[in-house]
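Everything on this sheet refers to the single structure shown next.
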Amino acid sequence: MSHFCRTTIKIGTTSLTRRQVEMLVLELGTHYSGKTYNIISKNCNHFGDEFSKRLCGRGIPAWINRLAYFGKFAK
């Protein structure tokens, strides 16, 4: 099975060192574990958004996680 990326989105740059990025990933990993995963409120796109904000001060585009956003209104 192959995976193809639809597009690349440039978000920004970071001034963090490689070690700082590694530490950031480890820190976020404690908040985004398999036990806390929720497809609506805490998924991989939520992780990516927080990571991006902390890495370069800008989050991922809102449309990327739009389905999860609307899903929280469905009961």
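Ordering of the structure tokens sets the chain letters (A, B, ...); residue numbers start at 1 within each chain; ligands are numbered from 1 in the order shown.
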> Residues of chain A in helix (DSSP H, G or I) according to DSSP, as a ChimeraX atom specification?
Replying inline: /A:18-31,34-36,44-56,62-71
Written file, previous selection with N, CA and C atoms, as a tab-separated table (two decimals), in the first residue's frame:
chain	number	residue	atom	x	y	z
A	18	ARG	N	17.95	21.47	17.05
A	18	ARG	CA	17.49	20.09	16.89
A	18	ARG	C	17.13	19.49	18.25
A	19	ARG	N	17.96	19.73	19.23
A	19	ARG	CA	17.72	19.20	20.58
A	19	ARG	C	16.43	19.79	21.18
A	20	GLN	N	16.20	21.07	20.98
A	20	GLN	CA	14.98	21.70	21.48
A	20	GLN	C	13.73	21.11	20.81
A	21	VAL	N	13.84	20.82	19.52
A	21	VAL	CA	12.71	20.20	18.80
A	21	VAL	C	12.47	18.80	19.36
A	22	GLU	N	13.53	18.05	19.59
A	22	GLU	CA	13.39	16.71	20.17
A	22	GLU	C	12.71	16.78	21.53
A	23	MET	N	13.11	17.74	22.35
A	23	MET	CA	12.51	17.89	23.68
A	23	MET	C	11.04	18.31	23.57
A	24	LEU	N	10.72	19.13	22.61
A	24	LEU	CA	9.34	19.55	22.39
A	24	LEU	C	8.47	18.35	22.00
A	25	VAL	N	8.98	17.52	21.12
A	25	VAL	CA	8.24	16.32	20.72
A	25	VAL	C	8.02	15.40	21.92
A	26	LEU	N	9.03	15.22	22.73
A	26	LEU	CA	8.89	14.39	23.93
A	26	LEU	C	7.87	14.97	24.89
A	27	GLU	N	7.90	16.28	25.07
A	27	GLU	CA	6.94	16.94	25.96
A	27	GLU	C	5.51	16.77	25.44
A	28	LEU	N	5.32	17.05	24.16
A	28	LEU	CA	3.98	16.91	23.58
A	28	LEU	C	3.52	15.46	23.60
A	29	GLY	N	4.46	14.55	23.50
A	29	GLY	CA	4.13	13.12	23.54
A	29	GLY	C	3.48	12.70	24.84
A	30	THR	N	3.78	13.41	25.92
A	30	THR	CA	3.14	13.09	27.20
A	30	THR	C	1.69	13.54	27.23
A	31	HIS	N	1.34	14.54	26.42
A	31	HIS	CA	-0.03	15.04	26.34
A	31	HIS	C	-0.85	14.36	25.25
A	34	GLY	N	-1.51	7.49	23.18
A	34	GLY	CA	-2.58	6.63	22.66
A	34	GLY	C	-3.76	6.55	23.60
A	35	LYS	N	-3.51	6.65	24.89
A	35	LYS	CA	-4.58	6.56	25.89
A	35	LYS	C	-5.49	7.78	25.86
A	36	THR	N	-4.98	8.93	25.41
A	36	THR	CA	-5.78	10.15	25.41
A	36	THR	C	-6.34	10.48	24.02
A	44	CYS	N	-4.34	13.43	15.72
A	44	CYS	CA	-3.01	13.76	15.21
A	44	CYS	C	-2.94	15.19	14.66
A	45	ASN	N	-4.06	15.70	14.16
A	45	ASN	CA	-4.06	17.07	13.67
A	45	ASN	C	-4.01	18.09	14.81
A	46	HIS	N	-4.60	17.76	15.94
A	46	HIS	CA	-4.47	18.61	17.12
A	46	HIS	C	-3.01	18.66	17.56
A	47	PHE	N	-2.37	17.49	17.55
A	47	PHE	CA	-0.94	17.44	17.88
A	47	PHE	C	-0.15	18.31	16.91
A	48	GLY	N	-0.40	18.13	15.62
A	48	GLY	CA	0.32	18.89	14.60
A	48	GLY	C	0.13	20.39	14.75
A	49	ASP	N	-1.08	20.80	15.11
A	49	ASP	CA	-1.37	22.22	15.28
A	49	ASP	C	-0.59	22.78	16.47
A	50	GLU	N	-0.63	22.08	17.59
A	50	GLU	CA	0.10	22.56	18.77
A	50	GLU	C	1.61	22.54	18.52
A	51	PHE	N	2.09	21.49	17.87
A	51	PHE	CA	3.52	21.39	17.55
A	51	PHE	C	3.94	22.55	16.65
A	52	SER	N	3.15	22.83	15.64
A	52	SER	CA	3.46	23.91	14.72
A	52	SER	C	3.46	25.27	15.42
A	53	LYS	N	2.48	25.50	16.28
A	53	LYS	CA	2.41	26.76	17.02
A	53	LYS	C	3.63	26.96	17.90
A	54	ARG	N	4.04	25.90	18.54
A	54	ARG	CA	5.19	26.00	19.45
A	54	ARG	C	6.51	26.02	18.70
A	55	LEU	N	6.51	25.44	17.52
A	55	LEU	CA	7.71	25.38	16.69
A	55	LEU	C	7.97	26.70	15.98
A	56	CYS	N	6.94	27.27	15.39
A	56	CYS	CA	7.16	28.48	14.58
A	56	CYS	C	6.14	29.59	14.82
A	62	ALA	N	-6.89	25.79	9.34
A	62	ALA	CA	-8.09	25.29	10.02
A	62	ALA	C	-8.80	24.20	9.23
A	63	TRP	N	-8.75	24.25	7.90
A	63	TRP	CA	-9.48	23.27	7.10
A	63	TRP	C	-8.95	21.85	7.30
A	64	ILE	N	-7.73	21.71	7.76
A	64	ILE	CA	-7.15	20.38	7.91
A	64	ILE	C	-7.91	19.57	8.95
A	65	ASN	N	-8.36	20.19	9.99
A	65	ASN	CA	-9.07	19.48	11.06
A	65	ASN	C	-10.55	19.87	11.13
A	66	ARG	N	-11.09	20.36	10.04
A	66	ARG	CA	-12.47	20.84	10.01
A	66	ARG	C	-13.48	19.75	10.36
A	67	LEU	N	-13.26	18.54	9.89
A	67	LEU	CA	-14.21	17.46	10.17
A	67	LEU	C	-14.31	17.20	11.68
A	68	ALA	N	-13.18	17.19	12.37
A	68	ALA	CA	-13.20	17.00	13.83
A	68	ALA	C	-13.92	18.16	14.51
A	69	TYR	N	-13.71	19.38	14.00
A	69	TYR	CA	-14.38	20.55	14.57
A	69	TYR	C	-15.91	20.39	14.50
A	70	PHE	N	-16.41	20.04	13.34
A	70	PHE	CA	-17.85	19.87	13.20
A	70	PHE	C	-18.36	18.63	13.92
A	71	GLY	N	-17.51	17.64	14.05
A	71	GLY	CA	-17.90	16.42	14.75
A	71	GLY	C	-18.22	16.64	16.22
>> One number please: atom CA of Gly57 of chain A to atom CA of Leu16 of chain A, in Å, one decimal.
In response: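 Distance reported for this atom pair: 11.5 Å.
Interatomic distance, atom CA of Lys72 of chain A against atom CA of Ile40 of chain A: 6.1 Å.
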